[in-house]
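**Student:** Just passing along the structure, written as structure tokens.
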Amino acid sequence: MRKEDKILLSHGNGGRLMQDLIADLFLKNFGNKKLEDQSDSAILVIDSREIAFTTDSFVIDPLFFPGGNIGKLAVCGTVNDLSVSGAEPMFISVSLIIEEGFPIKELEVIVKSLAEEARKANVEIVTGDTKVVNKGKCDKLFVNTAGIGRIRPEKNITGRTQIINPGDVIIVNGTIGDHGMAVMNARESFNFTTPVESDCACLDQLIHEVLEQTGSVRFMRDATRGGVATVLNELTAKIPYGIEIEEDAIPVSRGVRAMCELLGFDPLYIANEGKVILVVPEQESSLVLEIMRRNILGRESSIIGRVVQDHPGKVVLKTTTGGKRIVDVLTGDQLPRIC
Amino acid sequence: MKYIDEYRKKDLILAVADELKRVSKKEISLMEVCGGHTMAIHRFGLLSLLPSNIHLLSGPGCPVCVSGQRFIDMALAYSKLHGFIIATYGDLIRVPGSVTSLEKEKANGADIRIVYSTLDAIEIAKNNPEKKVVFLGIGFETTAPATAASILQAQKEQVDNYFVLSAHKVMPPVMKALVEDGVKIDGFIAPGHVTAITGTSIYDGLASNYGLGVVVSGFEPSDLMQAILLLVRQFEAGQPKVDSQYKRVAHTEGNLIAQRILDQVFELKDESWRGLGMIPLSGLKIKSDLSAFDVEVQFPIHVPFVPEPKGCICGLILRGLKTPLDCKLFGKKCTPSDPVGACMVSGEGTCATYYKYRS
């Protein structure tokens, strides 16, 4: 592979270039067992207590989009990273990097969203930092967060990928691709008349209900950047089996489908901010679905596929027309068709 | 979704597949000219539904792929000039030139912006009156009218800092060149959206002079299956002709307004195609009375000729003589994240399609 001598946008999109960067630069220099897990949160033991610790940065453009803003997004993203690790989110930090000239009124709306979302998720914003940079030296506002949560021992689901078996089913808690398409629509002013709203939401309650009422979740991850396809590819890399998903079974809203058709995107690769992928044994799947569907954020939960003995390491999609194709790791940003 | 789901019905597609098995007796090779067709065929897994005597070859219908290195090198050269903004469709951003790509030059500080419409490029020009905005015009008769319309719009609104670098091409000469070049096919699956602009008469010579069936096809799986069926029926009956499966979009006379705009702005010129060489009167050049918008006239630039990368067989693939699986670089040295040839970069390139949808 040719080495790049400059950072490209593709280094930050969750695809192959970013994975190379993590492996060749970050892991090589920071390397330790906890980081090597590359999970959403690091699981740390302090005085024999298990803690989940995570961090995230938010550079979304535009700051306000249908269904949320950068403040809501920051809390949800952090809370979700802790929740999918089986932790109860407790404390988060919020650091702001603000461009000179940014309207205080807008900042106020964003801060209020941060506060409101934190209250809803029952987490406290306990520390923070503010930096202002010269005009043009950052784009309006960037947010960095960290989050800490307590892992309830009975809920610790890390490392359970070892007990994933062929036949286990893959569940998603609703329509995919909403966040990415809502932001794209807001940013590019396509003015699609079908409303597409971001699914940005804290999943702590939904996940808590599932973990509390069943003991059977074998894998859980929020499908953010890189979408469902990226999560499933990361999963197949960890298990000696393949994954088969069915196009017909994957919930996609009308608006997202229309935008994807028009722009040449594949919803499987589009970012979500309120979607979690779970792997559970088949015999438990109806119970898990029932629990999830009772929560408003899981009403459209569906089984989208299963773990299979065939094609180990690969995610295969059964298309609506009866064909099959591989769903590969994202390489570079998805680009629109030009003819 | 309306107008999409109807064309993706499994029962319908399988019924056509059964009919194909029944009527198709002889070995037959068909070329899908358009990159959009190549993508749909693989995306929906249609090859697995065809009987083994029907062979599909991918043609030169991915505009990014056939324009190749030199066009990118020119765009890169303009991006390095002081005060220039490059506006481009997203497909071009990662295509490798001889040494670098637009994506890499963007990281180096060049002002390169992705647009979804030529009118967005004019907006950029209006908002940056002190800069020169160059739109990279690429594509066939489908996208050329939008470029032409933008030039007329810029003229009307007196946007004098908007320019076009045209790599626009037209389809019929290359289809004819392929046949004369000895590519062994029995018929063309003709590009639906090119035909929507041009009308079906542009293919008449292919049927009458070369005895080839030509069926204009849509881009949904049932469209393509039906187009293949129509071609097979023609072939089995020994009656090749021009037909359209895509009547809901592509009409006999085409889009007269688009044709008029094209004619107003562009004239034909000899054009070099990647892998195919110079094809007479196959490219579109901005007419001299509108040369105020032609960046090559206003700011002539010299780009040295650099041969295509070693080992890359894009040229042979574009002519339907080889498939990506015949290429030593495919999937090894050449992948979508680290492409050697343009066919691996564009979403509609044959190599990228094979890589993405291999199973």
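Chain labels follow the order of the structure tokens: the first chain is A, the next B, and so on; residue numbering restarts at 1 in every chain, and ligands are counted from 1 in their shown order.
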Residues of chain B no more than 6 Å from chain A, counting only C-alpha atoms: send them over as a ChimeraX atom specification.
**Tutor:** /B:10,44-45,90-91,107,337,357,359
**Student:** Got a sec: who's within 7 Å of A:Met181, counting only C-alpha atoms, leaving out chain neighbours fewer than 4 positions off, as a list in words?
**Tutor:**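 Contacts, in chain order: Gly177, Asn185, Val196 and Val256 of chain A.
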**Student:** Go ahead and save the residues from that selection, with all heavy atoms, as a short mmCIF file (atom, residue, chain, number, x, y, z; two decimals), in the first residue's frame.
**Tutor:**
data_model
loop_
_atom_site.label_atom_id
_atom_site.label_comp_id
_atom_site.auth_asym_id
_atom_site.auth_seq_id
_atom_site.Cartn_x
_atom_site.Cartn_y
_atom_site.Cartn_z
N GLY A 177 -29.85 5.03 8.40
CA GLY A 177 -29.41 6.06 7.45
C GLY A 177 -30.01 7.44 7.68
O GLY A 177 -29.69 8.39 6.97
N ASN A 185 -28.92 16.56 3.68
CA ASN A 185 -30.00 17.37 3.12
C ASN A 185 -29.91 18.81 3.64
O ASN A 185 -30.07 19.76 2.88
CB ASN A 185 -31.35 16.75 3.52
CG ASN A 185 -32.49 17.27 2.67
OD1 ASN A 185 -32.27 17.94 1.66
ND2 ASN A 185 -33.71 16.98 3.08
N VAL A 196 -36.65 14.32 6.15
CA VAL A 196 -35.76 13.32 6.71
C VAL A 196 -35.18 13.93 7.98
O VAL A 196 -34.58 14.99 7.93
CB VAL A 196 -34.62 12.96 5.73
CG1 VAL A 196 -33.67 11.96 6.36
CG2 VAL A 196 -35.17 12.41 4.44
N VAL A 256 -35.27 8.48 3.26
CA VAL A 256 -33.86 8.08 3.15
C VAL A 256 -33.65 7.24 1.90
O VAL A 256 -32.69 7.42 1.16
CB VAL A 256 -33.42 7.30 4.42
CG1 VAL A 256 -32.07 6.63 4.20
CG2 VAL A 256 -33.38 8.24 5.62
#
**Student:** Given only C-alpha atoms as the basis, pick out the residue of B:Cys314, B:Ala227, B:Ala149, B:Ala250 nearest to B:Leu276.
**Tutor:** B:Cys314
**Student:** So that I can check the surroundings of stretch 287-300 of chain B, please list as an MDAnalysis selection string every protein, DNA and RNA residue that reaches within 12 Å of it, counting only C-alpha atoms and ignoring chain neighbours fewer than 4 positions away.
**Tutor:** chainID B and resid 71 74:75 77:78 81 84 86 122 132:137 147:148 150:156 158:167 261:269
**Student:** Would you please give, as a PyMOL selection string, all residues of stretch 28-248 of chain B that DSSP assigns to helix (DSSP H, G or I) based on the backbone?
**Tutor:** chain B and resi 35-43+46-49+63-80+90-92+102-107+118-127+144-156+171-180+192-198+200-210+221-237
**Student:** Between B:Phe140, B:Tyr210, B:Tyr203, B:Phe235, which one has atoms that come closest to B:Leu284, using only C-alpha atoms?
**Tutor:** B:Phe140
**Student:** Taking only C-alpha atoms into account, name the residue in A:Leu203, A:Val94, A:Met184, A:Ile70 that is nearest to A:Lys140.
**Tutor:**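 Selected residue with least distance to A:Lys140: A:Ile70.
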**Student:** Check the DSSP output for the backbone and give back, as a PyMOL selection string, the residues of stretch 118-296 of chain A in strand (DSSP E).
**Tutor:** chain A and resi 124-133+141-151+169-172+219-222+242-246+276-280
